[in-house]
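Worksheet for the structure shown next.
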Amino acid sequence: MSLITKTASWAEDEHRMFAEMVGRFYEDEMVPHSERWIEQGIVDRDFWTKAGAAGIMGGSISEDYGGSGGDLGFDSVALYEQTRKGDASWGYGIQSIVAHYIANYGSDEQKAKWLPGLVTGEIVGAIAMTEPSTGSDLQAVRTFAEKDGNHYKINGSKIFITNGQTADLIITVAKTDREAKAKGVSLIVVEADKAEGFRRGRNLKKLGLKGNDTAELFYEDVRVPTANLLGTEEGQGFYQLMKQLPWERLLIGIQALGAIDFAIEETVKYVQERKAFGQRVMDFQNTRFKLAECQTKAEVLRAFINDCIARLIAGDLDAPTASMAKYYGSEVQGQVMDECLQLHGGYGYMWEYPIARLYADARVQRIYGGTNEIMKELIARSMDV
């Protein structure tokens, strides 16, 4: 199974060669360490630089900043191949999001300063949106950035931040105008090692994604140069978020497809080997029908995801369609994981079997990137014209 099918109109030979290279790299450098990352709650820092040296994180970044100058199809391949190998620990999805905020909204100086390190893995990125009391409502953030000469003074807190323990560069969603709603939101880049008053909380213990470091972040009079504002002026943050969220939501659908393909493959292996009542579990009609249902759902999702990638590359992936990819992909992921775990019987509930981890990892897909309830609201609004 693969992301790139014969009908994937966006895929060219370069994407196919990239997929082969990335798959081999993950097999050699990711798969042997995935269990240890889960146990330690964080991915080894040197894996980031190994991935950078392999060219995995620069596919869609301009050659001027150390990338390959390609399109987001390369990021899509890297994300799919990761979950296709059964890993959900490495926070590359967030790295890609951060890089494209800077590529799209950063000044020439900001791009030159930060993009090369994001490509090589010497810089790990995070984006701090969610707050304890706001959830998906980005207009209601309370973190406030107040001008103090040629600096901002930031106060507030964030929660559930992916790469939170590792990140060197944190795009922080903050209000620069408390009275305004959407127009009061700005994006400010915080360099963690230079930010006095910035503090990371504990590495949060989660139901799934146990190998991915997720943290609370605290800002107490954190002074950041005004030159770290993304965009030409304050108040552009909400617009920037809305323009980039389609990629964040599509990549959740891409990750869902990779995990589904891995789960089905693992389940087919299991039911071919496991015997019950004198025959293989695969030989029961119920097993075969359930797997047929799962595979059909995967292929429907694959066709939709590939159409969305083509639209993304063409520059016309709209927010409602991206919301459908996130909503539908994560819902199908949950359904398939449940069916595949059931086919494993009692062993499916044991952590040593990958399906147990895949089941736990899948649950958050319906929550982050905007809950699926929010996705359905956005889709419905586009229908009410």
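Identifiers in the structure tokens: chain A, B, ... in order shown; residue index from 1 per chain; ligand index from 1 in order shown.
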
Subject >> Contacts of Tyr101 in chain A at 9 Å (only C-alpha atoms; same-chain gap of 3+ positions) as a VMD selection string >> reply: chain A and resid 96 to 98 104 to 106 171 230 240 to 241 244

Go ahead and write the selection's residues with N, CA and C atoms as an mmCIF file, in the first residue's frame.
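For reference, selection04.cif as written:
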```cif
data_model
loop_
_atom_site.group_PDB
_atom_site.id
_atom_site.type_symbol
_atom_site.label_atom_id
_atom_site.label_comp_id
_atom_site.auth_asym_id
_atom_site.auth_seq_id
_atom_site.Cartn_x
_atom_site.Cartn_y
_atom_site.Cartn_z
ATOM 1 N N SER A 96 6.867 20.841 9.850
ATOM 2 C CA SER A 96 6.450 21.290 8.525
ATOM 3 C C SER A 96 5.551 22.516 8.624
ATOM 4 N N ILE A 97 4.614 22.487 9.566
ATOM 5 C CA ILE A 97 3.706 23.627 9.744
ATOM 6 C C ILE A 97 4.486 24.884 10.095
ATOM 7 N N VAL A 98 5.404 24.764 11.048
ATOM 8 C CA VAL A 98 6.205 25.918 11.478
ATOM 9 C C VAL A 98 7.030 26.461 10.311
ATOM 10 N N ASN A 104 6.017 31.511 4.445
ATOM 11 C CA ASN A 104 4.939 32.308 3.860
ATOM 12 C C ASN A 104 4.834 33.715 4.433
ATOM 13 N N TYR A 105 5.171 33.893 5.696
ATOM 14 C CA TYR A 105 4.927 35.180 6.344
ATOM 15 C C TYR A 105 6.182 35.834 6.909
ATOM 16 N N GLY A 106 7.295 35.124 6.913
ATOM 17 C CA GLY A 106 8.509 35.678 7.475
ATOM 18 C C GLY A 106 9.176 36.682 6.541
ATOM 19 N N ILE A 171 6.376 29.342 17.579
ATOM 20 C CA ILE A 171 5.462 30.370 17.084
ATOM 21 C C ILE A 171 4.322 30.474 18.080
ATOM 22 N N LEU A 230 5.674 37.802 13.109
ATOM 23 C CA LEU A 230 5.477 37.273 11.763
ATOM 24 C C LEU A 230 4.477 38.150 11.027
ATOM 25 N N GLN A 240 -3.371 34.662 9.186
ATOM 26 C CA GLN A 240 -2.286 33.724 8.894
ATOM 27 C C GLN A 240 -2.657 32.311 9.326
ATOM 28 N N LEU A 241 -3.253 32.190 10.500
ATOM 29 C CA LEU A 241 -3.674 30.881 10.990
ATOM 30 C C LEU A 241 -4.703 30.241 10.061
ATOM 31 N N GLN A 244 -3.166 28.879 6.862
ATOM 32 C CA GLN A 244 -2.295 27.719 7.005
ATOM 33 C C GLN A 244 -3.005 26.496 7.579
#
```

**OP:** Name the residues in contact with range 292-298 of chain A at a cut-off of 8 Å, using only C-alpha atoms, excluding same-chain residues fewer than 5 positions from it; report them as a list of chain:residue names.
**Re:** A:Leu257, A:Ile260, A:Asp261, A:Ile264, A:Val332, A:Val336, A:Glu339

Residues near Glu248 in chain A, anyone? I mean within 10 Å using only C-alpha atoms, not counting same-chain ones fewer than 6 positions away, as an mmCIF file with C-alpha atoms, in the first residue's frame.
```
data_model
loop_
_atom_site.group_PDB
_atom_site.id
_atom_site.type_symbol
_atom_site.label_atom_id
_atom_site.label_comp_id
_atom_site.auth_asym_id
_atom_site.auth_seq_id
_atom_site.Cartn_x
_atom_site.Cartn_y
_atom_site.Cartn_z
ATOM 1 C CA GLY A 93 4.082 17.367 11.104
ATOM 2 C CA ILE A 94 4.483 20.364 13.416
ATOM 3 C CA SER A 96 6.450 21.290 8.525
ATOM 4 C CA ILE A 97 3.706 23.627 9.744
ATOM 5 C CA LEU A 241 -3.674 30.881 10.990
ATOM 6 C CA ALA A 322 -9.472 20.412 4.232
ATOM 7 C CA SER A 323 -11.884 20.144 7.149
ATOM 8 C CA LYS A 326 -9.371 15.937 8.701
ATOM 9 C CA TYR A 368 -6.413 18.303 17.738
ATOM 10 C CA GLY A 369 -6.168 20.517 14.677
ATOM 11 C CA GLY A 370 -9.697 21.626 15.571
#
```

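Compared by their closest atoms to Gly253 in chain A, and using only C-alpha atoms, the residues A:Gly278, A:Gly329, A:Gly211, A:Pro320 rank with A:Gly329 nearest.
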
**OP:** Give the strand (DSSP E) residues of range 237-331 of chain A, as DSSP finds them on the backbone, and put them as number ranges by chain.
**Re:** A: 275-276, 279-280

**OP:** Mind checking which residues fall within 10 Å of range 143-152 of chain A, counting only C-alpha atoms, ignoring those fewer than 3 positions away in the same chain, and posting them as a PyMOL selection string?
**Re:** chain A and resi 129+131+140+155-158+172-178+184-188+218-219+221-229

Original post:
Near Leu250 in chain A, within 10 Å and counting only C-alpha atoms, which residues show up once chain neighbours fewer than 2 positions away are dropped, as JSON, numbers by chain?
Top reply: {"A": [76, 245, 246, 247, 248, 252, 253, 254, 255, 256, 305, 308, 309, 312, 317, 319, 321, 322, 323, 324, 325, 326, 327, 329, 369]}

Original post:
Skipping near chain neighbours, those fewer than 3 positions away, what residues fall within 9 Å of Arg84 in chain A using only C-alpha atoms, listed as a PyMOL selection string?
Top reply: chain A and resi 1-2+23+79-81+87+255+257-263

Original post:
Could you write out, as a PyMOL selection string, all the residues of range 296-368 of chain A that DSSP marks as helix (DSSP H, G or I)?
Top reply: chain A and resi 296-314+319-343+345-349+354-366

Could you save those same residues with C-alpha atoms as a PDB file, in the first residue's frame?
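Final output, part27.pdb:
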```pdb
ATOM      1  CA  THR A 296     -12.598  -0.244   1.085  1.00  0.00           C
ATOM      2  CA  LYS A 297     -12.683   2.625   3.571  1.00  0.00           C
ATOM      3  CA  ALA A 298      -8.922   3.018   3.166  1.00  0.00           C
ATOM      4  CA  GLU A 299      -9.181   3.230  -0.623  1.00  0.00           C
ATOM      5  CA  VAL A 300     -11.999   5.775  -0.513  1.00  0.00           C
ATOM      6  CA  LEU A 301      -9.937   7.873   1.892  1.00  0.00           C
ATOM      7  CA  ARG A 302      -6.808   7.466  -0.268  1.00  0.00           C
ATOM      8  CA  ALA A 303      -8.602   8.809  -3.346  1.00  0.00           C
ATOM      9  CA  PHE A 304      -9.916  11.816  -1.412  1.00  0.00           C
ATOM     10  CA  ILE A 305      -6.573  12.557   0.225  1.00  0.00           C
ATOM     11  CA  ASN A 306      -4.791  12.444  -3.129  1.00  0.00           C
ATOM     12  CA  ASP A 307      -7.359  14.820  -4.596  1.00  0.00           C
ATOM     13  CA  CYS A 308      -6.782  17.183  -1.664  1.00  0.00           C
ATOM     14  CA  ILE A 309      -2.989  17.043  -2.143  1.00  0.00           C
ATOM     15  CA  ALA A 310      -3.451  17.890  -5.829  1.00  0.00           C
ATOM     16  CA  ARG A 311      -5.634  20.855  -4.861  1.00  0.00           C
ATOM     17  CA  LEU A 312      -3.110  21.949  -2.234  1.00  0.00           C
ATOM     18  CA  ILE A 313      -0.256  21.947  -4.746  1.00  0.00           C
ATOM     19  CA  ALA A 314      -2.420  23.831  -7.236  1.00  0.00           C
ATOM     20  CA  ALA A 319     -10.896  25.340   4.270  1.00  0.00           C
ATOM     21  CA  PRO A 320     -14.134  23.299   4.050  1.00  0.00           C
ATOM     22  CA  THR A 321     -12.485  20.588   1.916  1.00  0.00           C
ATOM     23  CA  ALA A 322      -9.472  20.412   4.232  1.00  0.00           C
ATOM     24  CA  SER A 323     -11.884  20.144   7.149  1.00  0.00           C
ATOM     25  CA  MET A 324     -13.533  17.179   5.403  1.00  0.00           C
ATOM     26  CA  ALA A 325     -10.126  15.502   5.009  1.00  0.00           C
ATOM     27  CA  LYS A 326      -9.371  15.937   8.701  1.00  0.00           C
ATOM     28  CA  TYR A 327     -12.859  14.936   9.877  1.00  0.00           C
ATOM     29  CA  TYR A 328     -13.364  11.991   7.546  1.00  0.00           C
ATOM     30  CA  GLY A 329      -9.798  10.719   7.776  1.00  0.00           C
ATOM     31  CA  SER A 330      -9.738  10.685  11.562  1.00  0.00           C
ATOM     32  CA  GLU A 331     -13.207   9.115  11.808  1.00  0.00           C
ATOM     33  CA  VAL A 332     -12.259   6.308   9.408  1.00  0.00           C
ATOM     34  CA  GLN A 333      -9.001   5.844  11.305  1.00  0.00           C
ATOM     35  CA  GLY A 334     -10.922   5.300  14.532  1.00  0.00           C
ATOM     36  CA  GLN A 335     -13.306   2.847  12.887  1.00  0.00           C
ATOM     37  CA  VAL A 336     -10.532   0.806  11.292  1.00  0.00           C
ATOM     38  CA  MET A 337      -8.447   0.677  14.459  1.00  0.00           C
ATOM     39  CA  ASP A 338     -11.437  -0.585  16.398  1.00  0.00           C
ATOM     40  CA  GLU A 339     -12.187  -3.330  13.864  1.00  0.00           C
ATOM     41  CA  CYS A 340      -8.538  -4.373  13.612  1.00  0.00           C
ATOM     42  CA  LEU A 341      -8.111  -4.528  17.369  1.00  0.00           C
ATOM     43  CA  GLN A 342     -11.254  -6.682  17.612  1.00  0.00           C
ATOM     44  CA  LEU A 343      -9.809  -9.116  15.082  1.00  0.00           C
ATOM     45  CA  GLY A 345      -8.979 -10.675  20.173  1.00  0.00           C
ATOM     46  CA  GLY A 346      -7.460 -10.419  23.653  1.00  0.00           C
ATOM     47  CA  TYR A 347      -3.992  -9.914  22.206  1.00  0.00           C
ATOM     48  CA  GLY A 348      -5.174  -6.668  20.633  1.00  0.00           C
ATOM     49  CA  TYR A 349      -5.456  -5.244  24.122  1.00  0.00           C
ATOM     50  CA  PRO A 354       1.181  -2.622  17.548  1.00  0.00           C
ATOM     51  CA  ILE A 355      -2.600  -2.453  17.151  1.00  0.00           C
ATOM     52  CA  ALA A 356      -3.039  -1.495  20.828  1.00  0.00           C
ATOM     53  CA  ARG A 357      -0.756   1.507  20.354  1.00  0.00           C
ATOM     54  CA  LEU A 358      -2.382   2.415  17.036  1.00  0.00           C
ATOM     55  CA  TYR A 359      -5.796   2.329  18.703  1.00  0.00           C
ATOM     56  CA  ALA A 360      -4.658   4.680  21.474  1.00  0.00           C
ATOM     57  CA  ASP A 361      -2.834   7.006  19.074  1.00  0.00           C
ATOM     58  CA  ALA A 362      -5.876   7.344  16.825  1.00  0.00           C
ATOM     59  CA  ARG A 363      -8.165   8.869  19.411  1.00  0.00           C
ATOM     60  CA  VAL A 364      -6.586  12.324  19.511  1.00  0.00           C
ATOM     61  CA  GLN A 365      -6.841  12.710  15.735  1.00  0.00           C
ATOM     62  CA  ARG A 366     -10.493  13.664  16.185  1.00  0.00           C
TER      63      ARG A 366
END
```

**OP:** Go through A:Ala51, A:Ile61, A:Val141, A:Ile159 one by one, measure the shortest atom-to-atom distance of each to Val124 in chain A using only C-alpha atoms, and give the residue with the smallest value.
**Re:** A:Ala51

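Of the listed residues (A:Gln139, A:Thr267, A:Gln95, A:Gln272), A:Thr267 comes nearest to Leu291 in chain A; the distances count only C-alpha atoms.
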
Original post:
Skipping near chain neighbours, those fewer than 5 positions away, what residues fall within 10 Å of Leu115 in chain A using only C-alpha atoms, listed as a VMD selection string?
Top reply: chain A and resid 58 61 to 62 64 to 67 98 to 100 102 to 103 106 110 120 to 121 123

Using the selection just defined, write its residues with N, CA, C and O atoms as an mmCIF file, in the first residue's frame.
```cif
data_model
loop_
_atom_site.group_PDB
_atom_site.id
_atom_site.type_symbol
_atom_site.label_atom_id
_atom_site.label_comp_id
_atom_site.auth_asym_id
_atom_site.auth_seq_id
_atom_site.Cartn_x
_atom_site.Cartn_y
_atom_site.Cartn_z
ATOM 1 N N GLY A 58 13.243 19.103 4.034
ATOM 2 C CA GLY A 58 13.415 20.274 3.182
ATOM 3 C C GLY A 58 12.776 20.165 1.824
ATOM 4 O O GLY A 58 13.003 21.017 0.955
ATOM 5 N N ILE A 61 10.831 23.339 0.854
ATOM 6 C CA ILE A 61 11.442 24.617 1.217
ATOM 7 C C ILE A 61 12.390 25.062 0.100
ATOM 8 O O ILE A 61 13.082 24.253 -0.505
ATOM 9 N N SER A 62 12.408 26.359 -0.145
ATOM 10 C CA SER A 62 13.226 26.920 -1.219
ATOM 11 C C SER A 62 14.695 26.524 -1.086
ATOM 12 O O SER A 62 15.228 26.424 0.017
ATOM 13 N N ASP A 64 17.033 28.385 -1.660
ATOM 14 C CA ASP A 64 17.730 29.529 -1.054
ATOM 15 C C ASP A 64 17.967 29.329 0.430
ATOM 16 O O ASP A 64 18.869 29.944 1.009
ATOM 17 N N TYR A 65 17.148 28.472 1.053
ATOM 18 C CA TYR A 65 17.233 28.270 2.505
ATOM 19 C C TYR A 65 17.569 26.822 2.858
ATOM 20 O O TYR A 65 17.257 26.345 3.939
ATOM 21 N N GLY A 66 18.199 26.121 1.920
ATOM 22 C CA GLY A 66 18.682 24.772 2.215
ATOM 23 C C GLY A 66 17.749 23.649 1.843
ATOM 24 O O GLY A 66 18.071 22.475 2.064
ATOM 25 N N GLY A 67 16.583 23.979 1.285
ATOM 26 C CA GLY A 67 15.642 22.945 0.899
ATOM 27 C C GLY A 67 15.838 22.466 -0.524
ATOM 28 O O GLY A 67 16.821 22.815 -1.182
ATOM 29 N N VAL A 98 5.404 24.764 11.048
ATOM 30 C CA VAL A 98 6.205 25.918 11.478
ATOM 31 C C VAL A 98 7.030 26.461 10.311
ATOM 32 O O VAL A 98 7.076 27.682 10.070
ATOM 33 N N ALA A 99 7.673 25.575 9.572
ATOM 34 C CA ALA A 99 8.503 26.010 8.446
ATOM 35 C C ALA A 99 7.687 26.789 7.427
ATOM 36 O O ALA A 99 8.161 27.802 6.875
ATOM 37 N N HIS A 100 6.456 26.374 7.214
ATOM 38 C CA HIS A 100 5.652 27.059 6.193
ATOM 39 C C HIS A 100 5.032 28.361 6.693
ATOM 40 O O HIS A 100 4.763 29.254 5.885
ATOM 41 N N ILE A 102 6.819 30.374 8.495
ATOM 42 C CA ILE A 102 7.970 31.270 8.293
ATOM 43 C C ILE A 102 8.200 31.510 6.811
ATOM 44 O O ILE A 102 8.457 32.645 6.380
ATOM 45 N N ALA A 103 8.074 30.463 5.995
ATOM 46 C CA ALA A 103 8.276 30.619 4.554
ATOM 47 C C ALA A 103 7.242 31.553 3.932
ATOM 48 O O ALA A 103 7.555 32.313 3.011
ATOM 49 N N GLY A 106 7.295 35.124 6.913
ATOM 50 C CA GLY A 106 8.509 35.678 7.475
ATOM 51 C C GLY A 106 9.176 36.682 6.541
ATOM 52 O O GLY A 106 9.017 36.628 5.316
ATOM 53 N N GLN A 110 14.121 36.804 8.617
ATOM 54 C CA GLN A 110 13.597 35.694 9.406
ATOM 55 C C GLN A 110 13.780 34.366 8.684
ATOM 56 O O GLN A 110 14.160 33.353 9.286
ATOM 57 N N THR A 120 17.543 21.290 8.453
ATOM 58 C CA THR A 120 18.583 20.350 8.895
ATOM 59 C C THR A 120 18.225 19.625 10.187
ATOM 60 O O THR A 120 18.857 18.627 10.533
ATOM 61 N N GLY A 121 17.221 20.115 10.906
ATOM 62 C CA GLY A 121 16.878 19.527 12.196
ATOM 63 C C GLY A 121 17.667 20.103 13.349
ATOM 64 O O GLY A 121 17.466 19.712 14.503
ATOM 65 N N ILE A 123 17.239 23.032 14.337
ATOM 66 C CA ILE A 123 16.173 23.763 15.019
ATOM 67 C C ILE A 123 14.921 22.897 14.979
ATOM 68 O O ILE A 123 14.538 22.399 13.913
#
```

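Of note, CA of Arg288 in chain A and CA of Lys6 in chain A are spaced 25.9 Å apart.
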